[in-house]
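A.B. asks: Here it is: the structure, laid out below.
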Amino acid sequence: MENKLNHPALEQYALKYSDLLAEQLFFDKKSISGKEILNNMPVKQVGLFVLYNLFKRWKVEMGQLKSPYFNYEHKDVKIKLQELMNVLSKNILVSKEDFVPLLNKAIEDTLLLTLSPLRFFEELVDSFRGEAPNSTEVKELQQFVKINSHMRDALLTAWASSNKESNVLDIAFEGLNASPADVNETLRPFNKLLPIELDNFLLEDFSESQHDELIDDDEDGNIEFETIHTQFSSQKKTILADTLGFESTHISLKSMLTINQKFMFVNDLFDGNSDDFNKVIDFLDSCDNKEVVQKFLNRNYINNGHWKLESPQVKEFMGVLDKRFG
(Lines give C-alpha, C1' and ligand atoms only; values in the text may rest on other atoms or scores of the structure.)
Protein backbone atom coordinates (compact mmCIF):
# COMPACT_ATOMS: atom_id res chain seq x y z
CA MET A 1 0.00 0.00 0.00
CA GLU A 2 2.21 2.82 -1.28
CA ASN A 3 -0.09 5.71 -0.41
CA LYS A 4 0.95 9.01 1.09
CA LEU A 5 1.13 8.47 4.82
CA ASN A 6 -0.23 10.74 7.48
CA HIS A 7 2.90 10.60 9.62
CA PRO A 8 1.53 12.61 12.56
CA ALA A 9 -1.40 10.17 12.82
CA LEU A 10 0.96 7.21 12.63
CA GLU A 11 3.22 8.67 15.31
CA GLN A 12 0.23 9.46 17.54
CA TYR A 13 -1.06 5.91 17.26
CA ALA A 14 2.40 4.49 18.03
CA LEU A 15 2.64 6.69 21.12
CA LYS A 16 -0.77 5.59 22.45
CA TYR A 17 -0.11 1.94 21.64
CA SER A 18 3.31 1.96 23.31
CA ASP A 19 1.85 3.52 26.48
CA LEU A 20 -0.89 0.88 26.69
CA LEU A 21 1.47 -1.99 25.96
CA ALA A 22 4.10 -0.75 28.41
CA GLU A 23 1.48 -0.67 31.16
CA GLN A 24 0.69 -4.31 30.46
CA LEU A 25 4.30 -5.45 30.19
CA PHE A 26 5.42 -3.68 33.38
CA PHE A 27 2.27 -4.26 35.40
CA ASP A 28 4.08 -6.31 38.05
CA LYS A 29 7.76 -5.73 37.24
CA LYS A 30 10.33 -2.97 36.93
CA SER A 31 12.42 -4.45 34.12
CA ILE A 32 11.89 -6.64 31.07
CA SER A 33 14.21 -9.32 29.67
CA GLY A 34 15.09 -10.04 26.07
CA LYS A 35 13.11 -13.28 26.16
CA GLU A 36 10.04 -11.43 27.42
CA ILE A 37 10.44 -8.82 24.69
CA LEU A 38 10.15 -11.53 22.07
CA ASN A 39 7.56 -13.75 23.72
CA ASN A 40 5.18 -11.20 25.24
CA MET A 41 4.74 -8.88 22.27
CA PRO A 42 1.33 -9.01 20.54
CA VAL A 43 3.12 -8.12 17.29
CA LYS A 44 6.29 -10.14 16.79
CA GLN A 45 7.85 -7.63 14.40
CA VAL A 46 7.61 -4.95 17.09
CA GLY A 47 9.64 -7.10 19.49
CA LEU A 48 12.22 -7.79 16.80
CA PHE A 49 12.60 -4.09 16.07
CA VAL A 50 13.01 -3.34 19.78
CA LEU A 51 15.94 -5.76 19.93
CA TYR A 52 17.34 -4.54 16.60
CA ASN A 53 17.38 -0.91 17.76
CA LEU A 54 18.80 -1.96 21.13
CA PHE A 55 21.68 -3.79 19.44
CA LYS A 56 22.34 -0.85 17.12
CA ARG A 57 22.64 1.47 20.11
CA TRP A 58 24.98 -0.98 21.81
CA LYS A 59 27.22 -1.03 18.73
CA VAL A 60 27.33 2.75 18.67
CA GLU A 61 28.39 2.76 22.30
CA MET A 62 31.06 0.14 21.65
CA GLY A 63 32.28 2.14 18.67
CA GLN A 64 32.95 5.05 20.96
CA LEU A 65 35.35 3.06 23.10
CA LYS A 66 38.72 4.76 22.89
CA SER A 67 41.68 4.85 25.21
CA PRO A 68 45.22 6.25 25.21
CA TYR A 69 46.28 3.11 27.08
CA PHE A 70 44.48 0.20 25.36
CA ASN A 71 44.25 -0.93 21.74
CA TYR A 72 40.59 -1.61 21.02
CA GLU A 73 41.41 -2.26 17.36
CA HIS A 74 43.47 -5.36 18.09
CA LYS A 75 41.83 -8.47 16.64
CA ASP A 76 41.92 -10.32 19.96
CA VAL A 77 40.15 -7.42 21.67
CA LYS A 78 37.50 -7.35 18.94
CA ILE A 79 36.92 -11.08 19.35
CA LYS A 80 36.44 -10.70 23.09
CA LEU A 81 34.11 -7.77 22.60
CA GLN A 82 32.01 -9.89 20.24
CA GLU A 83 31.93 -12.65 22.83
CA LEU A 84 30.78 -10.07 25.37
CA MET A 85 28.03 -9.02 22.98
CA ASN A 86 26.87 -12.60 22.65
CA VAL A 87 26.70 -12.98 26.43
CA LEU A 88 24.91 -9.66 26.87
CA SER A 89 22.35 -10.55 24.20
CA LYS A 90 21.24 -13.42 26.41
CA ASN A 91 21.08 -11.22 29.48
CA ILE A 92 19.05 -8.21 28.35
CA LEU A 93 17.28 -6.38 31.16
CA VAL A 94 15.65 -3.02 30.42
CA SER A 95 13.75 -0.69 32.76
CA LYS A 96 10.39 0.74 31.72
CA GLU A 97 11.84 4.24 31.37
CA ASP A 98 14.49 3.05 28.93
CA PHE A 99 12.21 0.56 27.19
CA VAL A 100 9.34 2.86 26.16
CA PRO A 101 11.37 4.94 23.62
CA LEU A 102 12.63 1.71 22.03
CA LEU A 103 9.09 0.36 21.93
CA ASN A 104 7.65 3.51 20.41
CA LYS A 105 10.28 3.53 17.64
CA ALA A 106 9.70 -0.18 16.97
CA ILE A 107 5.95 0.38 16.56
CA GLU A 108 6.53 3.26 14.14
CA ASP A 109 8.98 1.14 12.12
CA THR A 110 6.54 -1.79 12.00
CA LEU A 111 3.68 0.41 10.81
CA LEU A 112 5.89 2.01 8.17
CA LEU A 113 7.17 -1.37 6.98
CA THR A 114 3.57 -2.55 6.68
CA LEU A 115 1.84 0.51 5.23
CA SER A 116 4.65 1.90 3.07
CA PRO A 117 7.41 -0.70 2.66
CA LEU A 118 9.16 1.24 -0.07
CA ARG A 119 9.47 4.22 2.23
CA PHE A 120 10.78 1.98 5.00
CA PHE A 121 13.49 0.55 2.77
CA GLU A 122 14.36 4.00 1.44
CA GLU A 123 14.98 5.14 5.01
CA LEU A 124 16.94 1.96 5.67
CA VAL A 125 19.22 2.69 2.72
CA ASP A 126 19.63 6.27 3.95
CA SER A 127 20.66 5.00 7.39
CA PHE A 128 23.71 3.31 5.87
CA ARG A 129 24.86 6.65 4.42
CA GLY A 130 25.61 5.37 0.95
CA GLU A 131 27.46 2.25 2.07
CA ALA A 132 26.40 -1.36 1.66
CA PRO A 133 25.88 -3.34 4.90
CA ASN A 134 28.67 -5.69 5.93
CA SER A 135 28.10 -9.41 6.44
CA THR A 136 27.16 -8.96 10.11
CA GLU A 137 24.65 -6.23 9.28
CA VAL A 138 23.14 -8.38 6.52
CA LYS A 139 22.56 -11.19 9.01
CA GLU A 140 20.97 -8.73 11.44
CA LEU A 141 18.58 -7.47 8.79
CA GLN A 142 17.62 -11.03 7.90
CA GLN A 143 17.11 -11.81 11.57
CA PHE A 144 15.12 -8.74 12.57
CA VAL A 145 13.14 -7.66 9.46
CA LYS A 146 10.47 -10.30 8.86
CA ILE A 147 7.52 -8.44 7.31
CA ASN A 148 7.95 -8.10 3.52
CA SER A 149 11.04 -10.27 3.73
CA HIS A 150 10.98 -10.79 -0.05
CA MET A 151 11.58 -7.06 -0.46
CA ARG A 152 14.32 -7.19 2.18
CA ASP A 153 16.07 -10.00 0.31
CA ALA A 154 15.72 -8.18 -3.03
CA LEU A 155 17.37 -5.14 -1.49
CA LEU A 156 20.18 -7.19 0.05
CA THR A 157 20.81 -8.86 -3.31
CA ALA A 158 20.94 -5.48 -5.04
CA TRP A 159 23.24 -4.15 -2.35
CA ALA A 160 25.62 -7.04 -3.00
CA SER A 161 25.91 -6.05 -6.66
CA SER A 162 25.84 -2.28 -6.25
CA ASN A 163 26.58 -0.19 -3.19
CA LYS A 164 25.50 3.04 -4.88
CA GLU A 165 22.71 4.54 -2.84
CA SER A 166 21.32 6.35 -5.88
CA ASN A 167 20.24 3.24 -7.76
CA VAL A 168 20.18 0.32 -5.33
CA LEU A 169 16.42 0.59 -4.77
CA ASP A 170 15.71 0.66 -8.49
CA ILE A 171 17.86 -2.43 -8.97
CA ALA A 172 16.16 -4.16 -6.06
CA PHE A 173 12.51 -3.57 -6.86
CA GLU A 174 12.25 -2.91 -10.59
CA GLY A 175 11.67 -6.55 -11.49
CA LEU A 176 9.99 -7.60 -8.26
CA ASN A 177 6.55 -9.03 -9.05
CA ALA A 178 5.44 -10.30 -5.63
CA SER A 179 3.22 -7.81 -3.85
CA PRO A 180 3.81 -6.53 -0.30
CA ALA A 181 2.35 -8.36 2.68
CA ASP A 182 -1.40 -8.01 3.19
CA VAL A 183 -1.92 -4.86 5.24
CA ASN A 184 -5.07 -5.91 7.06
CA GLU A 185 -3.63 -9.27 8.01
CA THR A 186 -0.40 -7.75 9.28
CA LEU A 187 -2.15 -5.05 11.30
CA ARG A 188 -4.75 -7.35 12.85
CA PRO A 189 -2.71 -8.11 16.04
CA PHE A 190 -2.56 -4.37 16.80
CA ASN A 191 -6.34 -4.21 16.98
CA LYS A 192 -6.51 -6.42 20.04
CA LEU A 193 -5.02 -3.67 22.17
CA LEU A 194 -5.83 -0.49 20.23
CA PRO A 195 -8.05 -0.67 17.11
CA ILE A 196 -6.57 0.85 13.98
CA GLU A 197 -8.54 3.17 11.72
CA LEU A 198 -6.55 2.63 8.54
CA ASP A 199 -7.98 5.68 6.78
CA ASN A 200 -6.44 7.88 9.48
CA PHE A 201 -2.98 6.86 8.30
CA LEU A 202 -3.53 7.78 4.66
CA LEU A 203 -3.59 11.15 2.94
CA GLU A 204 -5.82 11.87 -0.02
CA ASP A 205 -3.95 12.91 -3.14
CA PHE A 206 -6.69 15.40 -3.93
CA SER A 207 -9.23 17.34 -1.89
CA GLU A 208 -12.93 16.52 -2.03
CA SER A 209 -13.59 19.60 -4.16
CA GLN A 210 -10.89 18.54 -6.61
CA HIS A 211 -12.37 15.06 -6.70
CA ASP A 212 -15.67 16.38 -8.04
CA GLU A 213 -13.78 18.31 -10.71
CA LEU A 214 -11.39 15.57 -11.77
CA ILE A 215 -13.75 12.58 -12.06
CA ASP A 216 -17.35 12.60 -13.22
CA ASP A 217 -19.61 9.60 -13.59
CA ASP A 218 -22.43 9.12 -16.05
CA GLU A 219 -25.85 8.02 -14.87
CA ASP A 220 -24.73 4.39 -14.69
CA GLY A 221 -21.67 5.18 -12.59
CA ASN A 222 -19.25 4.73 -15.48
CA ILE A 223 -15.91 6.44 -15.95
CA GLU A 224 -15.81 9.55 -18.13
CA PHE A 225 -12.25 9.78 -19.41
CA GLU A 226 -12.79 13.00 -21.35
CA THR A 227 -13.67 14.85 -18.17
CA ILE A 228 -10.45 13.72 -16.52
CA HIS A 229 -8.33 14.72 -19.50
CA THR A 230 -10.02 18.09 -19.90
CA GLN A 231 -9.65 19.00 -16.23
CA PHE A 232 -6.01 17.96 -16.06
CA SER A 233 -5.28 20.02 -19.18
CA SER A 234 -7.27 23.12 -18.36
CA GLN A 235 -6.19 23.34 -14.72
CA LYS A 236 -2.61 22.31 -15.54
CA LYS A 237 -2.67 19.58 -12.95
CA THR A 238 0.21 17.13 -13.12
CA ILE A 239 0.33 13.43 -12.39
CA LEU A 240 3.45 11.51 -11.54
CA ALA A 241 3.92 10.38 -15.14
CA ASP A 242 4.12 14.03 -16.21
CA THR A 243 6.96 14.76 -13.83
CA LEU A 244 8.92 11.85 -15.25
CA GLY A 245 8.72 13.25 -18.76
CA PHE A 246 6.25 10.89 -20.44
CA GLU A 247 4.86 12.89 -23.32
CA SER A 248 3.91 10.35 -25.92
CA THR A 249 0.53 8.65 -25.63
CA HIS A 250 2.04 5.53 -27.18
CA ILE A 251 4.47 4.73 -24.39
CA SER A 252 3.57 1.48 -22.67
CA LEU A 253 1.74 1.65 -19.36
CA LYS A 254 4.38 -0.50 -17.67
CA SER A 255 7.09 1.98 -18.56
CA MET A 256 4.96 4.86 -17.27
CA LEU A 257 4.38 3.31 -13.84
CA THR A 258 6.83 4.03 -11.05
CA ILE A 259 7.85 1.37 -8.56
CA ASN A 260 5.63 3.01 -5.95
CA GLN A 261 2.64 2.95 -8.28
CA LYS A 262 3.14 -0.71 -9.20
CA PHE A 263 3.12 -1.77 -5.56
CA MET A 264 0.15 0.44 -4.77
CA PHE A 265 -1.96 -0.72 -7.72
CA VAL A 266 -1.17 -4.42 -7.22
CA ASN A 267 -1.97 -4.29 -3.52
CA ASP A 268 -4.91 -1.90 -3.49
CA LEU A 269 -6.63 -2.44 -6.84
CA PHE A 270 -5.80 -6.07 -7.63
CA ASP A 271 -5.97 -7.57 -4.14
CA GLY A 272 -2.25 -8.30 -4.09
CA ASN A 273 -2.40 -10.45 -7.23
CA SER A 274 0.51 -9.36 -9.42
CA ASP A 275 -0.46 -11.82 -12.19
CA ASP A 276 -3.90 -10.22 -12.56
CA PHE A 277 -2.31 -6.79 -12.54
CA ASN A 278 0.16 -7.71 -15.28
CA LYS A 279 -2.54 -9.31 -17.43
CA VAL A 280 -4.78 -6.26 -17.18
CA ILE A 281 -1.93 -3.85 -17.90
CA ASP A 282 -0.90 -5.91 -20.93
CA PHE A 283 -4.48 -5.92 -22.18
CA LEU A 284 -4.94 -2.19 -21.67
CA ASP A 285 -1.66 -1.56 -23.50
CA SER A 286 -3.03 -3.52 -26.46
CA CYS A 287 -6.19 -1.39 -26.67
CA ASP A 288 -6.47 1.02 -29.57
CA ASN A 289 -8.43 3.77 -27.85
CA LYS A 290 -9.74 4.95 -24.52
CA GLU A 291 -13.32 3.92 -25.32
CA VAL A 292 -12.31 0.25 -25.27
CA VAL A 293 -10.41 0.81 -22.03
CA GLN A 294 -13.41 2.62 -20.53
CA LYS A 295 -15.81 -0.21 -21.36
CA PHE A 296 -13.44 -2.85 -20.04
CA LEU A 297 -12.89 -1.13 -16.69
CA ASN A 298 -16.57 -0.24 -16.26
CA ARG A 299 -17.64 -3.82 -16.89
CA ASN A 300 -14.98 -5.54 -14.78
CA TYR A 301 -14.17 -3.15 -11.94
CA ILE A 302 -16.43 -0.09 -11.66
CA ASN A 303 -19.99 -1.29 -12.15
CA ASN A 304 -19.56 -4.25 -9.81
CA GLY A 305 -18.22 -1.99 -7.05
CA HIS A 306 -14.79 -3.61 -6.93
CA TRP A 307 -13.19 -0.21 -7.47
CA LYS A 308 -14.45 2.94 -5.78
CA LEU A 309 -14.13 6.01 -7.94
CA GLU A 310 -13.53 8.21 -4.92
CA SER A 311 -10.44 6.29 -3.79
CA PRO A 312 -7.07 8.01 -4.42
CA GLN A 313 -5.65 4.78 -5.87
CA VAL A 314 -8.33 4.62 -8.57
CA LYS A 315 -7.95 8.31 -9.31
CA GLU A 316 -4.21 7.91 -9.80
CA PHE A 317 -4.67 4.81 -11.96
CA MET A 318 -7.19 6.66 -14.14
CA GLY A 319 -4.85 9.61 -14.37
CA VAL A 320 -2.10 7.40 -15.78
CA LEU A 321 -4.53 5.80 -18.24
CA ASP A 322 -5.77 9.20 -19.35
CA LYS A 323 -2.20 10.26 -20.01
CA ARG A 324 -1.64 7.10 -22.03
CA PHE A 325 -4.84 7.35 -24.11
CA GLY A 326 -5.67 11.06 -23.86
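Residue numbering restarts at 1 in every chain; chains get A, B, ... in the order shown in the C-alpha coordinates, and ligands count up from 1 in that same order.
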Find the residues of segment 100-184 of chain A that sit at most 7 Å from segment 4-26 of chain A; for each, write down the nearest two atoms and how far apart they are in Å, to one decimal. Count only C-alpha atoms. Sort by chain, then by number going up, and give it as a tab-separated table.
C.D. replies:
residue	atom	partner	partner_atom	distance
A:Val100	CA	A:Ser18	CA	6.7
A:Leu103	CA	A:Ser18	CA	6.2
A:Asn104	CA	A:Ser18	CA	5.4
A:Ile107	CA	A:Ala14	CA	5.6
A:Glu108	CA	A:Ala14	CA	5.8
A.B. asks: Quick one: residues within 10 Å of Leu155 of chain A, only C-alpha atoms counted, chain neighbours fewer than 3 positions away excluded, as a short mmCIF file (atom, residue, chain, number, x, y, z; two decimals) with N, CA and C atoms, in the first residue's frame?
C.D. replies:
data_model
loop_
_atom_site.label_atom_id
_atom_site.label_comp_id
_atom_site.auth_asym_id
_atom_site.auth_seq_id
_atom_site.Cartn_x
_atom_site.Cartn_y
_atom_site.Cartn_z
N PHE A 121 12.20 0.98 3.32
CA PHE A 121 13.49 0.55 2.77
C PHE A 121 14.30 1.73 2.25
N VAL A 125 18.06 2.40 3.56
CA VAL A 125 19.22 2.69 2.72
C VAL A 125 19.89 3.99 3.17
N SER A 149 9.67 -9.75 3.80
CA SER A 149 11.04 -10.27 3.73
C SER A 149 11.52 -10.45 2.29
N HIS A 150 10.57 -10.65 1.34
CA HIS A 150 10.98 -10.79 -0.05
C HIS A 150 11.56 -9.47 -0.58
N MET A 151 11.04 -8.36 -0.08
CA MET A 151 11.58 -7.06 -0.46
C MET A 151 12.93 -6.83 0.22
N ARG A 152 13.03 -7.27 1.46
CA ARG A 152 14.32 -7.19 2.18
C ARG A 152 15.39 -7.95 1.42
N ALA A 158 20.52 -6.65 -4.27
CA ALA A 158 20.94 -5.48 -5.04
C ALA A 158 22.14 -4.81 -4.39
N TRP A 159 22.12 -4.76 -3.08
CA TRP A 159 23.24 -4.15 -2.35
C TRP A 159 24.55 -4.91 -2.62
N ALA A 160 24.43 -6.22 -2.77
CA ALA A 160 25.62 -7.04 -3.00
C ALA A 160 26.24 -6.75 -4.37
N VAL A 168 20.33 1.65 -5.89
CA VAL A 168 20.18 0.32 -5.33
C VAL A 168 18.70 -0.06 -5.19
N LEU A 169 17.85 0.90 -4.90
CA LEU A 169 16.42 0.59 -4.77
C LEU A 169 15.80 0.26 -6.12
N ASP A 170 16.21 0.98 -7.15
CA ASP A 170 15.71 0.66 -8.49
C ASP A 170 16.12 -0.74 -8.90
N ILE A 171 17.37 -1.09 -8.64
CA ILE A 171 17.86 -2.43 -8.97
C ILE A 171 17.09 -3.48 -8.19
N ALA A 172 16.81 -3.19 -6.93
CA ALA A 172 16.16 -4.16 -6.06
C ALA A 172 14.73 -4.44 -6.46
N PHE A 173 13.96 -3.41 -6.76
CA PHE A 173 12.51 -3.57 -6.86
C PHE A 173 11.95 -3.45 -8.27
#
A.B. asks: Write out as a list in words which residues come within 9 Å of Gln45 of chain A when counting only C-alpha atoms, dropping same-chain ones fewer than 2 positions away.
C.D. replies: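 Counting only the stated atoms, we get Leu38, Met41, Val43, Gly47, Leu48, Phe49, Val50, Ala106, Ile107, Thr110, Phe144, Val145, Lys146 and Ile147 of chain A.
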A.B. asks: As an exercise, work out the distance from atom CA of Val314 of chain A to atom CA of Met264 of chain A in Å and give it to one decimal place.
C.D. replies: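 It comes out at 10.2 Å.
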A.B. asks: So that I can see what lies close to Ser179 of chain A, please list as a PyMOL selection string the residues with an atom at most 10 Å from it, counting only C-alpha atoms and leaving out residues fewer than 2 positions away in the same chain.
C.D. replies: chain A and resi 1+148+150-151+176-177+181-182+262-267+270-275
A.B. asks: Keeping only N, CA and C atoms, write the selected residues as a short mmCIF file (atom, residue, chain, number, x, y, z; two decimals), in the first residue's frame.
C.D. replies:
data_model
loop_
_atom_site.label_atom_id
_atom_site.label_comp_id
_atom_site.auth_asym_id
_atom_site.auth_seq_id
_atom_site.Cartn_x
_atom_site.Cartn_y
_atom_site.Cartn_z
N MET A 1 0.86 -1.19 0.00
CA MET A 1 0.00 0.00 0.00
C MET A 1 0.89 1.23 0.00
N ASN A 148 7.46 -8.40 4.87
CA ASN A 148 7.95 -8.10 3.52
C ASN A 148 9.40 -8.53 3.35
N HIS A 150 10.57 -10.65 1.34
CA HIS A 150 10.98 -10.79 -0.05
C HIS A 150 11.56 -9.47 -0.58
N MET A 151 11.04 -8.36 -0.08
CA MET A 151 11.58 -7.06 -0.46
C MET A 151 12.93 -6.83 0.22
N LEU A 176 10.64 -6.83 -9.32
CA LEU A 176 9.99 -7.60 -8.26
C LEU A 176 8.49 -7.67 -8.53
N ASN A 177 7.96 -8.87 -8.72
CA ASN A 177 6.55 -9.03 -9.05
C ASN A 177 5.68 -9.32 -7.83
N ALA A 181 3.19 -7.59 1.78
CA ALA A 181 2.35 -8.36 2.68
C ALA A 181 0.99 -7.69 2.84
N ASP A 182 -0.05 -8.51 3.02
CA ASP A 182 -1.40 -8.01 3.19
C ASP A 182 -1.48 -7.08 4.41
N LYS A 262 3.35 0.72 -8.97
CA LYS A 262 3.14 -0.71 -9.20
C LYS A 262 2.74 -1.42 -7.92
N PHE A 263 3.46 -1.14 -6.83
CA PHE A 263 3.12 -1.77 -5.56
C PHE A 263 1.74 -1.34 -5.08
N MET A 264 1.44 -0.06 -5.23
CA MET A 264 0.15 0.44 -4.77
C MET A 264 -1.00 -0.18 -5.57
N PHE A 265 -0.88 -0.21 -6.90
CA PHE A 265 -1.96 -0.72 -7.72
C PHE A 265 -2.16 -2.23 -7.52
N VAL A 266 -1.05 -2.97 -7.45
CA VAL A 266 -1.17 -4.42 -7.22
C VAL A 266 -1.88 -4.69 -5.90
N ASN A 267 -1.46 -4.01 -4.86
CA ASN A 267 -1.97 -4.29 -3.52
C ASN A 267 -3.38 -3.76 -3.31
N PHE A 270 -5.75 -4.69 -7.13
CA PHE A 270 -5.80 -6.07 -7.63
C PHE A 270 -5.62 -7.09 -6.51
N ASP A 271 -5.95 -6.67 -5.29
CA ASP A 271 -5.97 -7.57 -4.14
C ASP A 271 -4.65 -8.33 -3.95
N GLY A 272 -3.55 -7.69 -4.28
CA GLY A 272 -2.25 -8.30 -4.09
C GLY A 272 -1.86 -9.32 -5.14
N ASN A 273 -2.67 -9.46 -6.19
CA ASN A 273 -2.40 -10.45 -7.23
C ASN A 273 -1.64 -9.81 -8.38
N SER A 274 -0.33 -10.00 -8.40
CA SER A 274 0.51 -9.36 -9.42
C SER A 274 0.25 -9.94 -10.81
N ASP A 275 -0.16 -11.21 -10.88
CA ASP A 275 -0.46 -11.82 -12.19
C ASP A 275 -1.67 -11.14 -12.83
#
A.B. asks: Quote the spacing between atom CA of Leu124 of chain A and atom CA of Glu174 of chain A in Å to one decimal place.
C.D. replies: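 Distance reported for this atom pair: 17.6 Å.
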A.B. asks: Would you mind telling me which residue in A:Gln294, A:Asn191, A:Asn167, A:Ser31 lies nearest to Glu97 of chain A when using only C-alpha atoms?
C.D. replies: A:Ser31
A.B. asks: Just give me the gap between atom CA of Leu321 of chain A and atom CA of Lys290 of chain A in Å, one decimal is fine.
C.D. replies: 8.2 Å
A.B. asks: Hey, what's within 10 Å of Ser33 of chain A if we count only C-alpha atoms and toss same-chain stuff fewer than 2 positions away? As a list in words, please?
C.D. replies: Ser31, Lys35, Glu36, Ile37, Leu38, Asn39, Ser89, Lys90, Asn91, Ile92, Leu93, Val94 and Ser95 of chain A
A.B. asks: Identify which of the residues A:Leu253, A:Arg299, A:His306, A:Phe128 lies closest to Ile281 of chain A, counting only C-alpha atoms when measuring atom-to-atom distances.
C.D. replies: A:Leu253
A.B. asks: Would you list, as a list in words, the residues of segment 3-92 of chain A that end up in strand (DSSP E or B) under DSSP run on this structure's backbone?
C.D. replies: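 Residues of segment 3-92 of chain A classed as strand (DSSP E or B): Lys4, Leu5, Ser31, Ile32 and Ser33 of chain A.
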